[in-house]
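model-v8.cif follows; it contains mmCIF, C-alpha atoms.
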```cif
data_entry
loop_
_atom_site.label_atom_id
_atom_site.label_comp_id
_atom_site.auth_asym_id
_atom_site.auth_seq_id
_atom_site.Cartn_x
_atom_site.Cartn_y
_atom_site.Cartn_z
CA MET R 269 22.01 -139.10 -40.38
CA ARG R 270 22.38 -142.56 -41.82
CA ALA R 271 22.82 -141.04 -45.30
CA ILE R 272 25.57 -138.73 -43.98
CA HIS R 273 27.27 -141.70 -42.36
CA LEU R 274 27.22 -143.62 -45.67
CA ALA R 275 28.32 -140.54 -47.62
CA ASN R 276 31.31 -140.05 -45.29
CA TYR R 277 32.42 -143.65 -45.78
CA PHE R 278 31.97 -143.19 -49.53
CA VAL R 279 34.19 -140.08 -49.46
CA ALA R 280 36.71 -142.03 -47.35
CA GLY R 281 36.75 -144.71 -50.07
CA CYS R 282 37.34 -142.07 -52.76
CA ILE R 283 40.20 -140.50 -50.79
CA ALA R 284 41.73 -143.92 -50.07
CA SER R 285 41.63 -144.67 -53.78
CA SER R 286 43.41 -141.37 -54.50
CA PHE R 287 45.92 -142.21 -51.79
CA LEU R 288 46.66 -145.56 -53.45
CA GLY R 289 47.17 -143.68 -56.72
CA TRP R 290 49.60 -141.37 -54.97
CA VAL R 291 51.43 -144.41 -53.54
CA ALA R 292 51.57 -145.88 -57.06
CA SER R 293 53.14 -142.66 -58.35
CA LEU R 294 56.01 -142.86 -55.87
CA HIS R 295 57.94 -145.77 -57.48
CA PRO R 296 57.47 -148.19 -60.38
CA MET R 297 57.49 -151.15 -57.97
CA ALA R 298 54.78 -149.48 -55.94
CA ALA R 299 52.84 -148.94 -59.16
CA ARG R 300 53.13 -152.63 -59.96
CA ALA R 301 52.03 -153.58 -56.49
CA ILE R 302 49.05 -151.24 -56.68
CA ALA R 303 48.21 -152.56 -60.17
CA PHE R 304 48.30 -156.11 -58.81
CA LEU R 305 46.12 -155.03 -55.89
CA ALA R 306 43.71 -153.32 -58.28
CA ALA R 307 43.52 -156.43 -60.49
CA ALA R 308 42.91 -158.67 -57.48
CA THR R 309 40.26 -156.28 -56.20
CA PHE R 310 38.57 -156.21 -59.61
CA ILE R 311 38.55 -160.04 -59.82
CA LEU R 312 37.19 -160.24 -56.30
CA TRP R 313 34.59 -157.62 -57.19
CA GLY R 314 33.50 -159.63 -60.25
CA LEU R 315 33.31 -162.84 -58.24
CA CYS R 316 31.22 -161.12 -55.58
CA TRP R 317 28.92 -159.79 -58.28
CA LEU R 318 28.54 -163.25 -59.84
CA LEU R 319 28.19 -165.14 -56.55
CA ASP R 320 26.01 -162.49 -54.95
CA PHE R 321 23.59 -164.91 -53.28
CA SER R 322 26.35 -167.01 -51.67
CA VAL R 323 28.35 -163.95 -50.61
CA SER R 324 25.27 -162.20 -49.20
CA SER R 325 24.39 -165.25 -47.08
CA TRP R 326 28.03 -165.48 -45.96
CA LEU R 327 28.11 -161.80 -44.99
CA LYS R 328 24.55 -162.09 -43.58
CA ILE R 329 23.27 -159.11 -45.57
CA SER R 330 20.63 -158.90 -48.26
CA VAL R 331 21.53 -159.26 -51.95
CA GLN R 332 20.36 -155.69 -52.59
CA ASN R 333 22.66 -154.37 -49.89
CA LEU R 334 25.59 -156.37 -51.29
CA GLN R 335 24.97 -155.06 -54.79
CA ALA R 336 24.70 -151.52 -53.48
CA LEU R 337 27.97 -151.99 -51.60
CA LEU R 338 29.73 -153.34 -54.71
CA LEU R 339 28.48 -150.51 -56.91
CA ALA R 340 29.38 -147.88 -54.29
CA SER R 341 32.88 -149.30 -53.90
CA LEU R 342 33.36 -149.34 -57.68
CA ALA R 343 32.15 -145.76 -57.92
CA ALA R 344 34.42 -144.68 -55.04
CA ILE R 345 37.45 -146.30 -56.65
CA ALA R 346 36.63 -144.78 -60.04
CA ILE R 347 36.05 -141.28 -58.60
CA GLY R 348 39.19 -141.42 -56.42
CA ALA R 349 41.38 -142.65 -59.25
CA GLY R 350 39.80 -140.16 -61.66
CA VAL R 351 40.41 -137.24 -59.31
CA PHE R 352 44.04 -138.28 -58.80
CA LEU R 353 44.72 -138.84 -62.50
CA CYS R 354 43.05 -135.58 -63.60
CA SER R 355 44.85 -133.43 -61.03
CA MET D 72 28.93 -133.63 -32.04
CA GLN D 73 27.16 -132.82 -35.28
CA LEU D 74 29.33 -129.74 -35.75
CA LYS D 75 32.44 -131.88 -35.29
CA MET D 76 31.16 -134.31 -37.88
CA TRP D 77 30.46 -131.55 -40.40
CA ILE D 78 33.88 -129.96 -39.83
CA LEU D 79 35.59 -133.33 -40.24
CA SER D 80 33.67 -134.03 -43.46
CA ALA D 81 34.52 -130.62 -44.91
CA THR D 82 38.17 -130.99 -43.84
CA ALA D 83 38.38 -134.42 -45.46
CA ILE D 84 37.09 -133.12 -48.78
CA ALA D 85 39.35 -130.05 -48.60
CA LEU D 86 42.41 -132.14 -47.73
CA TRP D 87 41.57 -134.53 -50.56
CA LEU D 88 40.99 -132.03 -53.37
CA ALA D 89 43.06 -128.94 -52.49
CA PRO D 90 46.58 -130.48 -52.46
CA LEU D 91 45.89 -132.60 -55.53
CA SER D 92 44.76 -129.61 -57.57
CA GLY D 93 47.02 -126.96 -56.03
CA LEU D 94 50.38 -128.68 -55.71
CA ASP D 95 52.77 -129.92 -58.38
CA LYS D 96 53.44 -133.68 -58.44
CA ARG D 97 56.90 -133.16 -59.89
CA ILE D 98 58.18 -131.25 -56.88
CA GLY D 99 59.30 -133.60 -54.13
CA TRP D 100 57.99 -131.79 -51.05
CA HIS D 101 54.72 -131.01 -52.83
CA LYS D 102 54.24 -134.70 -53.42
CA PHE D 103 55.06 -135.40 -49.79
CA ILE D 104 52.46 -132.85 -48.68
CA GLN D 105 49.92 -134.43 -51.03
CA GLY D 106 50.48 -137.85 -49.45
CA LEU D 107 50.21 -136.43 -45.94
CA SER D 108 47.03 -134.55 -46.75
CA LEU D 109 45.49 -137.61 -48.39
CA GLY D 110 46.27 -139.72 -45.32
CA ALA D 111 44.82 -137.03 -43.06
CA ALA D 112 41.77 -136.75 -45.32
CA VAL D 113 41.13 -140.51 -45.09
CA SER D 114 41.32 -140.39 -41.30
CA CYS D 115 39.03 -137.32 -41.17
CA ALA D 116 36.46 -138.96 -43.44
CA VAL D 117 36.50 -142.21 -41.42
CA SER D 118 36.15 -140.26 -38.14
CA ALA D 119 33.26 -138.26 -39.58
CA GLY D 120 31.63 -141.50 -40.76
CA ASN D 121 32.00 -143.06 -37.29
CA ILE D 122 30.49 -140.00 -35.61
CA ALA D 123 27.60 -139.99 -38.07
CA ARG D 124 27.01 -143.71 -37.45
CA ARG D 125 26.98 -143.16 -33.69
CA LEU D 126 24.52 -140.28 -34.06
CA ALA D 127 22.29 -142.41 -36.30
CA GLU D 128 22.30 -145.21 -33.72
CA GLU D 129 21.48 -142.74 -30.94
CA ASN D 130 18.60 -141.40 -33.01
CA GLU D 131 17.31 -144.91 -33.55
CA ILE D 132 17.58 -145.64 -29.82
CA GLU D 133 15.73 -142.40 -29.04
CA THR D 134 13.02 -143.35 -31.50
CA ILE D 135 12.69 -146.80 -29.93
CA LYS D 136 12.57 -145.22 -26.45
CA THR D 137 9.88 -142.79 -27.55
CA ARG D 138 7.86 -145.62 -29.05
CA ALA D 139 8.24 -147.70 -25.89
CA ILE D 140 7.17 -144.77 -23.68
CA THR D 141 4.18 -144.08 -25.93
CA ALA D 142 3.22 -147.75 -25.84
CA ASP D 143 3.55 -147.76 -22.02
CA VAL D 144 1.36 -144.68 -21.69
CA VAL D 145 -1.26 -146.11 -24.05
CA ASP D 146 -1.19 -149.40 -22.15
CA GLU D 147 -1.54 -147.62 -18.81
CA ILE D 148 -4.49 -145.55 -20.05
CA ALA D 149 -6.18 -148.66 -21.43
CA VAL D 150 -5.67 -150.56 -18.16
CA SER D 151 -7.00 -147.67 -16.04
CA ALA D 152 -10.00 -147.30 -18.36
CA TYR D 153 -10.70 -151.03 -18.10
CA VAL D 154 -10.34 -151.00 -14.30
CA SER D 155 -12.64 -147.98 -13.89
CA GLN D 156 -15.20 -149.56 -16.22
CA GLN D 157 -15.13 -152.77 -14.19
CA GLN D 158 -15.52 -150.80 -10.95
CA ARG D 159 -18.46 -148.86 -12.33
CA GLN D 160 -20.04 -152.08 -13.56
CA GLN D 161 -19.60 -153.69 -10.14
CA GLU D 162 -21.07 -150.65 -8.41
CA ALA D 163 -24.04 -150.65 -10.78
CA GLU D 164 -24.59 -154.37 -10.17
CA GLN D 165 -24.43 -153.80 -6.40
CA ILE D 166 -26.94 -150.95 -6.63
CA LEU D 167 -29.29 -153.06 -8.73
CA ALA D 168 -29.00 -155.98 -6.31
CA THR D 169 -29.76 -153.66 -3.36
CA ASP D 170 -32.82 -152.26 -5.17
CA GLU D 171 -34.09 -155.74 -5.93
CA GLN D 172 -33.54 -156.79 -2.32
CA SER D 173 -35.36 -153.72 -0.96
CA ASP D 174 -38.26 -154.27 -3.41
CA GLU D 175 -38.54 -157.88 -2.35
CA GLN D 176 -38.41 -156.92 1.31
CA GLU D 177 -41.06 -154.25 0.81
CA THR D 178 -43.36 -156.66 -1.03
CA GLU D 179 -42.85 -159.25 1.68
CA LEU D 180 -43.56 -156.73 4.43
CA ASN D 181 -46.72 -155.58 2.65
CA SER D 182 -47.97 -159.13 2.28
CA ILE D 183 -47.21 -159.86 5.96
CA ARG D 184 -49.03 -156.70 7.02
CA GLU D 185 -52.03 -157.53 4.88
CA SER D 186 -52.08 -161.07 6.25
CA LEU D 187 -51.90 -159.77 9.80
CA GLU D 188 -54.71 -157.30 9.16
CA LEU D 189 -56.84 -160.01 7.62
CA LEU D 190 -56.10 -162.35 10.50
CA LEU D 191 -56.92 -159.69 13.03
CA ASN D 192 -60.15 -158.82 11.26
CA GLN D 193 -61.17 -162.45 11.03
CA VAL D 194 -60.39 -163.10 14.70
CA SER D 195 -62.47 -160.15 15.81
CA ASN D 196 -65.18 -160.68 13.23
CA ASP D 197 -67.70 -161.52 15.96
CA SER D 198 -67.84 -157.94 17.04
CA GLY D 199 -68.43 -155.50 14.21
CA GLU D 200 -67.42 -152.64 16.36
CA LEU D 201 -64.12 -154.25 17.19
CA ALA D 202 -63.56 -155.12 13.53
CA VAL D 203 -64.15 -151.54 12.47
CA MET D 204 -61.82 -150.39 15.22
CA ASN D 205 -59.18 -152.74 13.88
CA LEU D 206 -59.43 -151.37 10.37
CA SER D 207 -56.73 -148.97 9.27
CA THR D 208 -57.50 -145.29 8.87
CA ARG D 209 -57.30 -145.60 5.12
CA GLN D 210 -59.75 -148.50 5.11
CA ARG D 211 -62.13 -146.53 7.26
CA GLU D 212 -61.87 -143.62 4.91
CA GLN D 213 -62.59 -145.94 2.01
CA ILE D 214 -65.68 -147.29 3.84
CA GLU D 215 -66.75 -143.71 4.33
CA LEU D 216 -66.29 -142.98 0.63
CA ILE D 217 -68.18 -146.13 -0.35
CA LEU D 218 -71.04 -145.05 1.89
CA GLN D 219 -71.02 -141.62 0.28
CA CYS D 220 -71.21 -143.29 -3.13
CA HIS D 221 -74.19 -145.32 -1.98
CA ALA D 222 -75.79 -142.14 -0.71
CA LYS D 223 -75.26 -140.52 -4.12
CA GLY D 224 -76.92 -143.50 -5.75
CA ILE D 225 -73.72 -145.02 -7.16
CA SER D 226 -74.13 -148.72 -6.58
CA GLY D 227 -72.17 -150.56 -9.28
CA LYS D 228 -68.97 -152.21 -8.14
CA ASN D 229 -66.92 -150.87 -11.03
CA LYS D 230 -68.26 -147.37 -10.52
CA ILE D 231 -67.39 -147.47 -6.83
CA LEU D 232 -63.94 -148.78 -7.65
CA LYS D 233 -63.55 -145.93 -10.12
CA GLU D 234 -64.76 -143.35 -7.59
CA VAL D 235 -62.91 -144.57 -4.49
CA TRP D 236 -59.77 -146.25 -5.82
CA GLY D 237 -59.56 -144.45 -9.14
CA VAL D 238 -59.14 -147.64 -11.15
CA SER D 239 -61.02 -148.66 -14.27
CA ALA D 240 -62.34 -152.15 -14.89
CA GLY D 241 -59.76 -154.41 -16.49
CA SER D 242 -57.12 -156.93 -15.70
CA SER D 243 -54.51 -154.64 -14.20
CA GLN D 244 -52.92 -155.44 -10.87
CA ASN D 245 -54.23 -152.18 -9.37
CA TYR D 246 -57.77 -153.09 -10.34
CA ARG D 247 -57.43 -156.56 -8.88
CA ASP D 248 -56.00 -155.19 -5.64
CA ALA D 249 -58.75 -152.59 -5.41
CA LYS D 250 -61.37 -155.25 -6.11
CA ALA D 251 -59.97 -157.53 -3.38
CA GLU D 252 -59.94 -154.66 -0.92
CA TYR D 253 -63.48 -153.69 -1.91
CA GLU D 254 -64.70 -157.21 -1.37
CA PHE D 255 -62.94 -157.28 1.98
CA LEU D 256 -64.54 -154.00 3.03
CA MET D 257 -68.05 -154.85 1.81
CA PRO D 258 -69.13 -156.69 5.03
CA PHE D 259 -68.16 -153.66 7.07
CA VAL D 260 -70.02 -151.38 4.68
CA LYS D 261 -73.10 -153.57 5.06
CA GLY D 262 -72.60 -153.47 8.82
CA GLU D 263 -72.56 -149.68 8.70
CA LEU D 264 -75.69 -149.66 6.60
#
```
As a first step, turn the structure in this file into structure tokens.
Amino acid sequence: MRAIHLANYFVAGCIASSFLGWVASLHPMAARAIAFLAAATFILWGLCWLLDFSVSSWLKISVQNLQALLLASLAAIAIGAGVFLCS
Amino acid sequence: MQLKMWILSATAIALWLAPLSGLDKRIGWHKFIQGLSLGAAVSCAVSAGNIARRLAEENEIETIKTRAITADVVDEIAVSAYVSQQQRQQEAEQILATDEQSDEQETELNSIRESLELLLNQVSNDSGELAVMNLSTRQREQIELILQCHAKGISGKNKILKEVWGVSAGSSQNYRDAKAEYEFLMPFVKGEL
């Protein structure tokens, strides 16, 4: 049941990523805003990956869990964006 | 609840993939439908995730409850086993103490009786008849048997002890008791002779 719960949140992340792609396709300004958001997210992602020990102690989770979370979020964004772009 | 979760998950995936692959992005209302379905798909997926999380927590709570109940039952069984063992031990100790007490009392009564018999025999030693009268039936029977042994020509002390008391010469308590009784009875035997 815990795996299903995590899988559902993962699918929600994928769909949200597709939704952001759809928002970006509405208007060039929206695309810029989403691009800025994506860049900020990517920088934040990289910082979290580099400062994993500090971030894990701040979030009070283990380093393994943080790394799993970061990889899952990256995969969800990539899958969501990929699905939207390929459709 | 599980069925709801599965339906929500399937709906989320369907609402995510079907409009994106089936509708044309260049047509305005198609695009609008795609946005709506993506929003609905996100909400369905999050709802399904929440339900699954709640079910997982309930399962964990059930597991903890089951473990606690099992631990309680095991603890109760162990306590009852300990209590019954202690009770049995106490009962056994009480029985042993009673046996020891009764043995001691019996030994004491025997010694008192023997002392009284000896005292009575010594007091009435002047009259042989009276002394014989004061002897117990068993002692009189033993005198009789000793006399029969003498009549048969058995004269050794150990032989008489073997014949009358059934004890062999040695250092056993039975032999010593028999010897003491024999020595006590000898004057009466001589009186009979």
Chain D residues near chain R (6 Å cut-off, only C-alpha atoms) as a compact mmCIF listing (two decimals) with C-alpha atoms, keeping the file's coordinate frame:
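Output (iface_3.txt):
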```txt
# COMPACT_ATOMS: atom_id res chain seq x y z
CA LEU D 91 45.89 -132.60 -55.53
CA SER D 92 44.76 -129.61 -57.57
CA LEU D 109 45.49 -137.61 -48.39
CA VAL D 113 41.13 -140.51 -45.09
CA ALA D 116 36.46 -138.96 -43.44
CA VAL D 117 36.50 -142.21 -41.42
CA GLY D 120 31.63 -141.50 -40.76
CA ALA D 123 27.60 -139.99 -38.07
CA ARG D 124 27.01 -143.71 -37.45
CA ALA D 127 22.29 -142.41 -36.30
```
Apply the PyMOL selection byres ((chain D and resi 74-87) around 6) to the displayed file and report the matching residues as a compact mmCIF listing (two decimals) with C-alpha atoms, in the coordinates of the input.
```
# COMPACT_ATOMS: atom_id res chain seq x y z
CA MET D 72 28.93 -133.63 -32.04
CA GLN D 73 27.16 -132.82 -35.28
CA LEU D 88 40.99 -132.03 -53.37
CA ALA D 89 43.06 -128.94 -52.49
CA SER D 108 47.03 -134.55 -46.75
CA LEU D 109 45.49 -137.61 -48.39
CA ALA D 112 41.77 -136.75 -45.32
CA CYS D 115 39.03 -137.32 -41.17
CA ALA D 116 36.46 -138.96 -43.44
CA ALA D 119 33.26 -138.26 -39.58
```
For this session: Rank R:Trp326, R:Phe321, R:Trp313, R:Phe304 by their smallest atom-to-atom distance to Ala340 in chain R, using all atoms listed in the file, and report the top residue only.
Result: R:Trp313
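CA of Ala298 in chain R is positioned 17.6 Å from CA of Ile345 in chain R.
As for CA of Met257 in chain D and CA of Leu216 in chain D, they are spaced 12.1 Å apart.
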For this session: Grab the CA of Gln335 in chain R to CA of Asn130 in chain D distance for me, in Å with one decimal place.
Result: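 Going from CA of Gln335 in chain R over to CA of Asn130 in chain D covers 26.5 Å.
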Exercise. On this structure, which residues satisfy the PyMOL selection byres ((chain D and resi 209-213) around 12), written as an MDAnalysis selection string?
Worked result: chainID D and resid 185 188 202:208 214:220 231:232 234:237 249 252:257 259:260 263
